[in-house]
Every structure is written in structure tokens, then in C-alpha cells.
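What follows is protein36.pdb (PDB, C-alpha atoms).
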ATOM      1  CA  CYS W  70      54.409  27.944   7.998
ATOM      2  CA  MET W  71      52.047  30.824   7.276
ATOM      3  CA  ASP W  72      50.581  28.944   4.332
ATOM      4  CA  ASP W  73      50.096  25.851   6.482
ATOM      5  CA  ARG W  74      48.281  27.860   9.140
ATOM      6  CA  GLU W  75      46.028  29.525   6.547
ATOM      7  CA  GLU W  76      45.225  26.148   4.983
ATOM      8  CA  ALA W  77      44.480  24.656   8.398
ATOM      9  CA  GLY W  78      42.216  27.608   9.222
ATOM     10  CA  ALA W  79      40.332  27.263   5.936
ATOM     11  CA  LEU W  80      39.899  23.557   6.548
ATOM     12  CA  ALA W  81      38.563  24.210  10.044
ATOM     13  CA  ARG W  82      36.063  26.775   8.695
ATOM     14  CA  ARG W  83      34.843  24.315   6.039
ATOM     15  CA  ARG W  84      34.503  21.628   8.683
ATOM     16  CA  ARG W  85      32.473  23.928  10.914
ATOM     17  CA  ARG W  86      30.266  24.890   7.978
ATOM     18  CA  PHE W  87      29.822  21.222   7.073
ATOM     19  CA  ASP W  88      29.005  20.358  10.673
ATOM     20  CA  GLY W  89      26.403  23.132  10.722
ATOM     21  CA  TRP W  90      24.695  21.859   7.577
ATOM     22  CA  THR W  91      24.839  18.296   8.860
ATOM     23  CA  LEU W  92      23.174  19.373  12.087
ATOM     24  CA  LEU W  93      20.402  21.170  10.179
ATOM     25  CA  ILE W  94      19.840  18.104   7.999
ATOM     26  CA  TRP W  95      19.603  15.855  11.046
ATOM     27  CA  ILE W  96      17.186  18.258  12.759
ATOM     28  CA  GLY W  97      15.009  18.503   9.631
ATOM     29  CA  GLY W  98      15.015  14.742   9.102
ATOM     30  CA  GLY W  99      14.218  14.109  12.749
ATOM     31  CA  ALA W 100      11.307  16.574  12.612
ATOM     32  CA  VAL W 101       9.865  14.810   9.551
ATOM     33  CA  TYR W 102      10.135  11.379  11.173
ATOM     34  CA  LEU W 103       8.633  12.745  14.392
ATOM     35  CA  PHE W 104       5.732  14.208  12.412
ATOM     36  CA  LEU W 105       5.098  10.788  10.846
ATOM     37  CA  VAL W 106       5.580   8.654  13.947
ATOM     38  CA  VAL W 107       3.743  10.657  16.636
ATOM     39  CA  PRO W 108       0.196  10.248  15.173
ATOM     40  CA  VAL W 109       0.774   6.507  14.825
ATOM     41  CA  LEU W 110       1.955   6.262  18.432
ATOM     42  CA  VAL W 111      -1.085   8.241  19.607
ATOM     43  CA  ILE W 112      -3.435   5.846  17.781
ATOM     44  CA  ILE W 113      -1.662   2.729  19.077
ATOM     45  CA  LEU W 114      -1.445   3.816  22.703
ATOM     46  CA  SER W 115      -5.012   5.179  22.762
ATOM     47  CA  ALA W 116      -6.287   1.794  21.579
ATOM     48  CA  PHE W 117      -5.203   0.289  24.905
ATOM     49  CA  SER W 118      -7.137   2.760  27.036
ATOM     50  CA  PRO W 119      -9.885   1.180  29.208
ATOM     51  CA  ASN W 120     -11.979   4.355  29.202
ATOM     52  CA  PRO W 121     -14.976   4.841  26.859
ATOM     53  CA  TYR W 122     -13.199   7.700  25.101
ATOM     54  CA  PRO W 123      -9.775   8.048  23.446
ATOM     55  CA  GLU W 124      -7.152   8.952  25.997
ATOM     56  CA  PHE W 125      -3.488   9.811  25.408
ATOM     57  CA  PRO W 126      -1.440   8.857  27.194
ATOM     58  CA  PRO W 127      -3.657   6.159  28.734
ATOM     59  CA  THR W 128      -3.713   6.019  32.517
ATOM     60  CA  GLU W 129      -3.645   2.222  32.346
ATOM     61  CA  PHE W 130      -3.472  -0.422  29.634
ATOM     62  CA  SER W 131      -6.342  -2.706  28.720
ATOM     63  CA  LEU W 132      -7.431  -4.946  25.826
ATOM     64  CA  ARG W 133     -11.056  -3.919  26.338
ATOM     65  CA  TRP W 134     -11.562  -2.338  22.931
ATOM     66  CA  PHE W 135      -9.885  -5.173  21.061
ATOM     67  CA  ARG W 136     -12.332  -7.545  22.766
ATOM     68  CA  GLU W 137     -15.180  -5.180  21.891
ATOM     69  CA  VAL W 138     -14.197  -5.309  18.236
ATOM     70  CA  PHE W 139     -13.869  -9.094  18.075
ATOM     71  CA  GLN W 140     -17.122  -9.585  19.989
ATOM     72  CA  SER W 141     -19.045  -7.091  17.851
ATOM     73  CA  GLU W 142     -21.092  -8.727  15.112
ATOM     74  CA  PRO W 143     -21.122  -5.637  12.798
ATOM     75  CA  TRP W 144     -17.351  -5.192  13.091
ATOM     76  CA  MET W 145     -16.624  -8.872  12.487
ATOM     77  CA  ARG W 146     -19.002  -8.948   9.526
ATOM     78  CA  ALA W 147     -17.212  -5.943   8.029
ATOM     79  CA  ILE W 148     -13.780  -7.511   8.656
ATOM     80  CA  GLY W 149     -14.878 -10.826   7.138
ATOM     81  CA  PHE W 150     -16.327  -9.101   4.073
ATOM     82  CA  SER W 151     -13.176  -6.995   3.639
ATOM     83  CA  LEU W 152     -10.956 -10.088   3.850
ATOM     84  CA  TRP W 153     -13.089 -11.973   1.317
ATOM     85  CA  LEU W 154     -13.088  -8.964  -1.019
ATOM     86  CA  MET W 155      -9.337  -8.564  -0.578
ATOM     87  CA  LEU W 156      -8.757 -12.204  -1.539
ATOM     88  CA  ILE W 157     -10.827 -11.941  -4.721
ATOM     89  CA  VAL W 158      -9.287  -8.617  -5.742
ATOM     90  CA  THR W 159      -5.726  -9.793  -5.061
ATOM     91  CA  VAL W 160      -6.055 -12.971  -7.142
ATOM     92  CA  LEU W 161      -7.698 -11.210 -10.105
ATOM     93  CA  THR W 162      -5.353  -8.225  -9.981
ATOM     94  CA  VAL W 163      -2.233 -10.396  -9.846
ATOM     95  CA  VAL W 164      -3.368 -12.474 -12.829
ATOM     96  CA  LEU W 165      -4.421  -9.477 -14.924
ATOM     97  CA  GLY W 166      -1.469  -7.302 -13.879
ATOM     98  CA  THR W 167       1.135 -10.004 -14.488
ATOM     99  CA  THR W 168      -0.300 -10.758 -17.923
ATOM    100  CA  ALA W 169      -0.406  -7.084 -18.853
ATOM    101  CA  ALA W 170       3.107  -6.392 -17.550
ATOM    102  CA  TYR W 171       4.513  -9.357 -19.479
ATOM    103  CA  GLY W 172       2.828  -8.248 -22.692
ATOM    104  CA  VAL W 173       4.049  -4.663 -22.385
ATOM    105  CA  SER W 174       7.570  -5.836 -21.509
ATOM    106  CA  ARG W 175       7.990  -8.387 -24.299
ATOM    107  CA  LEU W 176       5.985  -6.904 -27.189
ATOM    108  CA  GLU W 177       6.993  -3.945 -29.321
ATOM    109  CA  PHE W 178       4.153  -1.917 -30.823
ATOM    110  CA  ARG W 179       3.181   1.663 -31.531
ATOM    111  CA  GLY W 180       1.737   3.448 -28.519
ATOM    112  CA  LYS W 181       3.384   1.131 -26.004
ATOM    113  CA  GLN W 182       4.374   3.927 -23.621
ATOM    114  CA  ALA W 183       0.960   5.552 -23.929
ATOM    115  CA  LEU W 184      -0.697   2.254 -22.996
ATOM    116  CA  LEU W 185       1.629   1.826 -20.019
ATOM    117  CA  SER W 186       0.863   5.367 -18.852
ATOM    118  CA  PHE W 187      -2.849   4.655 -19.172
ATOM    119  CA  MET W 188      -2.549   1.515 -17.030
ATOM    120  CA  LEU W 189      -0.667   3.483 -14.362
ATOM    121  CA  SER W 190      -3.050   6.472 -14.516
ATOM    122  CA  PRO W 191      -5.166   5.422 -11.474
ATOM    123  CA  LEU W 192      -2.169   6.424  -9.357
ATOM    124  CA  MET W 193      -2.486  10.016 -10.610
ATOM    125  CA  ILE W 194      -6.285  10.449 -10.759
ATOM    126  CA  PRO W 195      -7.874  11.559  -7.451
ATOM    127  CA  GLN W 196      -9.787   8.588  -6.095
ATOM    128  CA  VAL W 197     -12.787  10.739  -5.208
ATOM    129  CA  VAL W 198     -13.084  11.710  -8.871
ATOM    130  CA  MET W 199     -12.730   8.062  -9.853
ATOM    131  CA  GLY W 200     -15.377   7.079  -7.331
ATOM    132  CA  ILE W 201     -17.865   9.575  -8.758
ATOM    133  CA  ALA W 202     -17.130   8.341 -12.290
ATOM    134  CA  LEU W 203     -17.632   4.711 -11.268
ATOM    135  CA  LEU W 204     -20.877   5.657  -9.520
ATOM    136  CA  TYR W 205     -22.309   6.938 -12.814
ATOM    137  CA  ILE W 206     -20.907   4.036 -14.857
ATOM    138  CA  PHE W 207     -22.039   1.287 -12.476
ATOM    139  CA  THR W 208     -25.487   2.855 -12.145
ATOM    140  CA  ALA W 209     -25.867   2.795 -15.932
ATOM    141  CA  MET W 210     -24.630  -0.826 -16.026
ATOM    142  CA  GLY W 211     -26.903  -1.901 -13.203
ATOM    143  CA  ILE W 212     -24.105  -3.156 -10.951
ATOM    144  CA  ILE W 213     -24.067  -0.352  -8.398
ATOM    145  CA  ARG W 214     -24.097  -1.574  -4.754
ATOM    146  CA  THR W 215     -23.064  -5.056  -5.897
ATOM    147  CA  MET W 216     -20.062  -7.235  -5.167
ATOM    148  CA  ALA W 217     -19.059  -7.120  -8.841
ATOM    149  CA  GLY W 218     -18.936  -3.317  -8.859
ATOM    150  CA  LEU W 219     -16.890  -3.235  -5.659
ATOM    151  CA  VAL W 220     -14.414  -5.792  -7.032
ATOM    152  CA  ILE W 221     -14.002  -3.827 -10.282
ATOM    153  CA  GLY W 222     -13.418  -0.588  -8.381
ATOM    154  CA  HIS W 223     -10.772  -2.150  -6.146
ATOM    155  CA  ILE W 224      -9.053  -3.820  -9.110
ATOM    156  CA  ILE W 225      -8.766  -0.448 -10.849
ATOM    157  CA  VAL W 226      -6.904   1.149  -7.925
ATOM    158  CA  SER W 227      -4.754  -1.943  -7.226
ATOM    159  CA  PHE W 228      -3.833  -2.769 -10.828
ATOM    160  CA  PRO W 229      -0.995  -0.188 -11.206
ATOM    161  CA  TYR W 230       0.933  -1.628  -8.254
ATOM    162  CA  VAL W 231       1.083  -5.086  -9.832
ATOM    163  CA  ILE W 232       2.100  -3.575 -13.176
ATOM    164  CA  ARG W 233       4.901  -1.654 -11.449
ATOM    165  CA  THR W 234       6.346  -4.473  -9.338
ATOM    166  CA  VAL W 235       6.081  -7.191 -11.996
ATOM    167  CA  GLY W 236       7.513  -4.763 -14.554
ATOM    168  CA  VAL W 237      10.559  -4.240 -12.320
ATOM    169  CA  SER W 238      11.141  -8.004 -12.125
ATOM    170  CA  LEU W 239      10.728  -8.390 -15.889
ATOM    171  CA  SER W 240      13.179  -5.561 -16.582
ATOM    172  CA  ASN W 241      15.786  -7.439 -14.527
ATOM    173  CA  LEU W 242      15.115 -10.719 -16.365
ATOM    174  CA  ASP W 243      17.502 -11.457 -19.235
ATOM    175  CA  PRO W 244      15.422 -12.423 -22.338
ATOM    176  CA  LYS W 245      18.270 -14.758 -23.350
ATOM    177  CA  LEU W 246      17.096 -17.194 -20.674
ATOM    178  CA  GLU W 247      13.694 -17.439 -22.333
ATOM    179  CA  ARG W 248      15.225 -17.818 -25.794
ATOM    180  CA  ALA W 249      17.554 -20.517 -24.498
ATOM    181  CA  SER W 250      14.583 -22.430 -23.099
ATOM    182  CA  MET W 251      12.750 -22.291 -26.426
ATOM    183  CA  ASN W 252      15.915 -23.263 -28.326
ATOM    184  CA  LEU W 253      16.054 -26.385 -26.169
ATOM    185  CA  GLY W 254      12.571 -27.386 -27.296
ATOM    186  CA  ALA W 255      10.223 -25.769 -24.783
ATOM    187  CA  GLY W 256       7.220 -23.891 -26.146
ATOM    188  CA  PRO W 257       6.263 -20.304 -25.188
ATOM    189  CA  VAL W 258       3.725 -21.440 -22.588
ATOM    190  CA  GLN W 259       6.082 -23.984 -21.048
ATOM    191  CA  THR W 260       8.878 -21.401 -21.004
ATOM    192  CA  PHE W 261       6.650 -18.877 -19.270
ATOM    193  CA  PHE W 262       5.584 -21.265 -16.493
ATOM    194  CA  ARG W 263       8.944 -22.991 -15.982
ATOM    195  CA  VAL W 264      11.421 -20.155 -16.577
ATOM    196  CA  THR W 265       9.804 -16.718 -16.565
ATOM    197  CA  LEU W 266       7.274 -17.164 -13.784
ATOM    198  CA  PRO W 267       9.730 -18.502 -11.149
ATOM    199  CA  LEU W 268      12.178 -15.690 -11.907
ATOM    200  CA  ILE W 269       9.596 -12.904 -11.597
ATOM    201  CA  ARG W 270       7.917 -14.434  -8.537
ATOM    202  CA  PRO W 271       9.303 -11.736  -6.163
ATOM    203  CA  GLY W 272       7.610  -9.016  -8.217
ATOM    204  CA  ILE W 273       4.357 -10.967  -8.296
ATOM    205  CA  VAL W 274       4.447 -11.471  -4.518
ATOM    206  CA  ALA W 275       5.168  -7.783  -3.915
ATOM    207  CA  GLY W 276       2.388  -6.782  -6.312
ATOM    208  CA  GLY W 277      -0.017  -9.132  -4.577
ATOM    209  CA  VAL W 278       0.866  -7.647  -1.179
ATOM    210  CA  PHE W 279       0.416  -4.097  -2.473
ATOM    211  CA  SER W 280      -2.895  -5.095  -4.041
ATOM    212  CA  ALA W 281      -4.133  -6.726  -0.819
ATOM    213  CA  VAL W 282      -3.206  -3.763   1.372
ATOM    214  CA  THR W 283      -4.706  -1.274  -1.097
ATOM    215  CA  SER W 284      -7.963  -3.216  -1.310
ATOM    216  CA  PHE W 285      -8.217  -3.741   2.454
ATOM    217  CA  GLY W 286      -7.752  -0.027   3.198
ATOM    218  CA  GLU W 287      -9.581   1.501   0.213
ATOM    219  CA  VAL W 288     -12.305   3.962   1.219
ATOM    220  CA  SER W 289     -12.759   6.690  -1.433
ATOM    221  CA  ILE W 290     -14.218   4.470  -4.153
ATOM    222  CA  SER W 291     -15.942   2.097  -1.710
ATOM    223  CA  LEU W 292     -18.009   4.958  -0.275
ATOM    224  CA  PHE W 293     -19.686   5.428  -3.658
ATOM    225  CA  VAL W 294     -20.281   1.794  -4.648
ATOM    226  CA  VAL W 295     -20.625  -0.222  -1.410
ATOM    227  CA  SER W 296     -23.998  -1.422  -0.171
ATOM    228  CA  PRO W 297     -25.253  -1.138   3.454
ATOM    229  CA  SER W 298     -25.508  -4.929   3.715
ATOM    230  CA  ASN W 299     -21.937  -5.511   2.510
ATOM    231  CA  MET W 300     -19.806  -2.824   4.101
ATOM    232  CA  THR W 301     -16.015  -2.826   4.176
ATOM    233  CA  VAL W 302     -14.053  -1.975   7.316
ATOM    234  CA  PRO W 303     -12.837   1.478   6.135
ATOM    235  CA  VAL W 304     -16.390   2.512   5.172
ATOM    236  CA  ARG W 305     -17.703   1.275   8.523
ATOM    237  CA  ILE W 306     -15.004   3.289  10.311
ATOM    238  CA  PHE W 307     -15.981   6.356   8.290
ATOM    239  CA  ASN W 308     -19.646   5.944   9.199
ATOM    240  CA  TYR W 309     -18.900   4.954  12.797
ATOM    241  CA  ILE W 310     -16.912   8.063  13.704
ATOM    242  CA  ASP W 311     -19.677  10.190  12.198
ATOM    243  CA  GLN W 312     -22.003   8.957  14.957
ATOM    244  CA  THR W 313     -19.689   8.124  17.856
ATOM    245  CA  PHE W 314     -15.996   7.915  18.573
ATOM    246  CA  ASP W 315     -14.647   5.416  21.066
ATOM    247  CA  PRO W 316     -11.299   3.562  21.177
ATOM    248  CA  SER W 317     -12.705   0.646  19.145
ATOM    249  CA  VAL W 318     -11.811   2.713  16.077
ATOM    250  CA  ASN W 319      -8.257   2.954  17.412
ATOM    251  CA  ALA W 320      -8.178  -0.822  17.899
ATOM    252  CA  ILE W 321      -9.226  -1.345  14.274
ATOM    253  CA  SER W 322      -6.559   1.171  13.213
ATOM    254  CA  VAL W 323      -3.916  -0.851  15.083
ATOM    255  CA  LEU W 324      -4.924  -3.880  13.016
ATOM    256  CA  PHE W 325      -4.502  -1.812   9.841
ATOM    257  CA  ILE W 326      -1.062  -0.676  10.980
ATOM    258  CA  ALA W 327      -0.060  -4.283  11.694
ATOM    259  CA  VAL W 328      -1.174  -5.322   8.200
ATOM    260  CA  ALA W 329       0.801  -2.460   6.640
ATOM    261  CA  VAL W 330       3.957  -3.312   8.598
ATOM    262  CA  LEU W 331       3.639  -6.979   7.644
ATOM    263  CA  ALA W 332       3.240  -5.966   3.998
ATOM    264  CA  LEU W 333       6.388  -3.834   4.106
ATOM    265  CA  ILE W 334       8.345  -6.713   5.623
ATOM    266  CA  ILE W 335       7.175  -9.112   2.914
ATOM    267  CA  ILE W 336       7.985  -6.659   0.119
ATOM    268  CA  GLU W 337      11.423  -5.916   1.555
ATOM    269  CA  ARG W 338      12.215  -9.628   1.855
ATOM    270  CA  THR W 339      10.981 -10.477  -1.666
ATOM    271  CA  ILE W 340      11.930  -7.646  -4.006
ATOM    272  CA  GLY W 341      13.209  -4.751  -1.885
ATOM    273  CA  LEU W 342      11.421  -1.491  -1.119
ATOM    274  CA  THR W 343      13.895   0.618  -3.083
ATOM    275  CA  LYS W 344      12.914  -1.141  -6.312
ATOM    276  CA  VAL W 345       9.208  -0.422  -6.069
ATOM    277  CA  MET W 346       8.987   2.937  -4.288
TER     278      MET W 346
END
Is it possible to express this structure as C-alpha cells?
Amino acid sequence: CMDDREEAGALARRRRRFDGWTLLIWIGGGAVYLFLVVPVLVIILSAFSPNPYPEFPPTEFSLRWFREVFQSEPWMRAIGFSLWLMLIVTVLTVVLGTTAAYGVSRLEFRGKQALLSFMLSPLMIPQVVMGIALLYIFTAMGIIRTMAGLVIGHIIVSFPYVIRTVGVSLSNLDPKLERASMNLGAGPVQTFFRVTLPLIRPGIVAGGVFSAVTSFGEVSISLFVVSPSNMTVPVRIFNYIDQTFDPSVNAISVLFIAVAVLALIIIERTIGLTKVM
């Protein structure tokens, strides 16, 4: 009986200790989520303030600043240019990234890992440093402040995401399926378009979404290579808040948040966030 009581007491102490650690973990996790969510809520709610200055919490709700944005010619020109740039960058990045990922996945050669690390290196290099480097390079090439320079800069920062997501899909693809297709008479090109491409489509879609969101929100490189006549939305926001600060910036930020949430939903439905994060 004594042994049973001692064992029960030890079990109770372990349970109390476990409950204490669990409580601390929940408190820490809740604090982190609160730290991430509160600024977003402040931006969203302030966007609906009718006053000519950001107000949190707003005394009343209004769509005034959303109307101001959509009725403003400079804002709409910046949004239209950003969407057009995003479309070009996404298409080119998906084609180049898918081709590169397929080559790295299926070919064996010396320096393969070094090449893969090089293609993923824009994720590790500070974008301000990259922007300064591109400023010097594009100036020497004569394409500074041009659409071509802006597209190249956005492709560089978006390229690693396509490599990563398509590479995940290719790693889950059994090469025996491709060999079986070619054994049945299909050529390499026909096998790629009829077998490989449909099976890695989720990775391509996720890479395209990542590329689009990255291009639409990119500011560090764009600041160095964009022209005043063709200004992206993030650069216009950066310049706008330097001169004035009204809730129209919050309204634009709400649109960015909506795009990001939509992108996460698409990625989760196609390939799963846990496979690309």
C-alpha cells in the first residue's frame, strides 16, 4: 500500500510538472501569435476609418479610402503596372524554374549540389545588397529604369521558390512512370508533357503563386531599378508615406493581405504548406 501511495504521489507530481510546462508552452505560443496578428488587425481596421488619418480602433466604419484608392489615377496606374509585371514575371519564372528543377532532378553531374545552392542563393542574400548590385550591372548594360531590368530583378528573387516547389513534386514522382512511358513508345518530350508535367502540376501551381506574390510585393530591388513613369505599388507606398500618411495606404495593405491569404489557400489546396515551408 505504501508503494502504491508513493507511486501515485510521483505520478501526480509529474502530471503537475507536465501541466506547468504545457501552460508555459501555450502562453508562449499565444504571445507569438498575438504578436503576429495584432499589427495585421490594426492595419485592417484602420483602413475602414472615415477620418483623414489612421485611427485605431475606428469610431465608425467606412469604405472611403478604398474608394479613394480605386478613384485615384496614380494608384490605379501603379496597381495596373504591378499586375502586368507580375504576370510577365510569373510566366517566365515558372517556365525557367520548372526547366531548371527538372534538369537538376533528372541529371547526374559533378557540382550538382553547388549549382542547386547557387540557384537558391537569392533567398539568403539580403535584397538590399542584391538591389545595389543590380543597379551597377543594369547601369553598365544600359537597361536601368527599364521594364526589362525590372523583370530580370523580380525573376531573380522569385526563381528559388519555383525551384523549391517543383523540386518537391519531382522528388515525389517515381521515375519508373517516365521509363514505362518511354518503353511503350513515347519519346522524352511526349513523356514530359503527357506524364511528368501533369504529375508535377501542383508544384508548378504553388511555385507560380509564390512567384506572383513575391513579384507583387517586392520593394527592395524595385527601389533601385524602377522608373518614375512605371512605378510598382510597393514603391509608390514607400514614396507616399514619406510625404503623407492617410488610410489609403492601409486600404492598399488590406489588398496585399487578401492576395497573400488567397495565395496560402491555393498552395495548401495544391501541394500543402508543410511541403514547401
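Between atom CA of Val294 of chain W and atom CA of Gly218 of chain W there is a distance of 6.8 Å.
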Residues of segment 125-217 of chain W within 12 Å of segment 267-273 of chain W: nearest atom pair and distance (Å, one decimal) for each, counting only C-alpha atoms, sorted by chain and number, as CSV?
residue,atom,partner,partner_atom,distance
W:Thr159,CA,W:Ile273,CA,10.7
W:Val160,CA,W:Ile273,CA,10.7
W:Thr162,CA,W:Ile273,CA,10.2
W:Val163,CA,W:Ile273,CA,6.8
W:Val164,CA,W:Ile273,CA,9.1
W:Leu165,CA,W:Ile273,CA,11.1
W:Gly166,CA,W:Ile273,CA,8.9
W:Thr167,CA,W:Ile273,CA,7.0
W:Thr168,CA,W:Ile273,CA,10.7
W:Ala170,CA,W:Ile273,CA,10.4
W:Tyr171,CA,W:Ile269,CA,10.0
> With only C-alpha atoms as the basis for distance, which of W:Phe262, W:Trp153, W:Phe307, W:Phe104 is at the shortest distance from Ile321 of chain W?
Replying inline: W:Phe307
> So, counting all atoms listed in the file, which residue among W:Gln312, W:Ser151, W:Ser317, W:Gln259 is closest to Ser291 of chain W?
Replying inline: W:Ser151
>> Measuring between only C-alpha atoms, which one of W:Glu247, W:Leu161, W:Ser280, W:Leu154 shows the shortest distance to Leu219 of chain W?
In response: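 With only C-alpha atoms as the atom set, the closest residue is W:Leu154.
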>> Assuming the chain letters and numbering stay as they are in my file, what does the PyMOL selection byres ((chain W and resi 125) around 12) actually select? List them as a VMD selection string.
In response: chain W and resid 107 to 120 122 to 124 126 to 130 316 319
>> Measuring between all atoms listed in the file, which one of W:Leu185, W:Asn299, W:Leu204, W:Leu253 shows the shortest distance to Arg233 of chain W?
In response: W:Leu185
> So which residues touch Arg305 of chain W within 12 Å, counting only C-alpha atoms, skipping near sequence neighbours fewer than 2 positions away, as a ChimeraX atom specification?
Replying inline: /W:143-148,150-151,286-288,291-292,295-303,307-313,317-318,321
Hey, can I get the axis-aligned box for segment 272-291 of chain W? All listed atoms, 6 Å padding on each side, centre and edge lengths in Å to one decimal, as lines of an AutoDock Vina configuration file.
center_x = -4.2
center_y = -2.4
center_z = -2.5
size_x = 35.6
size_y = 30.2
size_z = 23.5
> What is the distance, in Å and to one decimal place, between atom CA of Val226 of chain W and atom CA of Pro191 of chain W?
Replying inline: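 Computing it gives 5.8 Å between the two atoms.
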> When distances are computed from only C-alpha atoms, which of W:Thr215, W:Thr265, W:Thr208, W:Ser284 shows the smallest separation from Tyr230 of chain W?
Replying inline: W:Ser284
> For Arg214 of chain W, which residue among W:Val274, W:Gly256, W:Val282, W:Phe293 is the nearest when counting all atoms listed in the file?
Replying inline: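 Closest to Arg214 of chain W, using all atoms listed in the file: W:Phe293.
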>> What does the structure give for the distance between atom CA of Gly254 of chain W and atom CA of Ala169 of chain W, in Å to one decimal?
In response: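 Going from atom CA of Gly254 of chain W over to atom CA of Ala169 of chain W covers 25.5 Å.
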> Taking (-3.6, 2.4, -9.3) in the file's coordinates, which residues come within 12 Å, counting all atoms listed in the file, written as number ranges by chain?
Replying inline: W: 162, 166, 185-196, 199, 222-233, 276, 279-280, 283-284, 287, 290
>> Which residues are close to Pro244 of chain W, i.e. within 12 Å by only C-alpha atoms, leaving aside same-chain residues fewer than 2 positions away? Reply as an MDAnalysis selection string.
In response: chainID W and resid 171 174:176 238:242 246:251 260:261 264:265 268
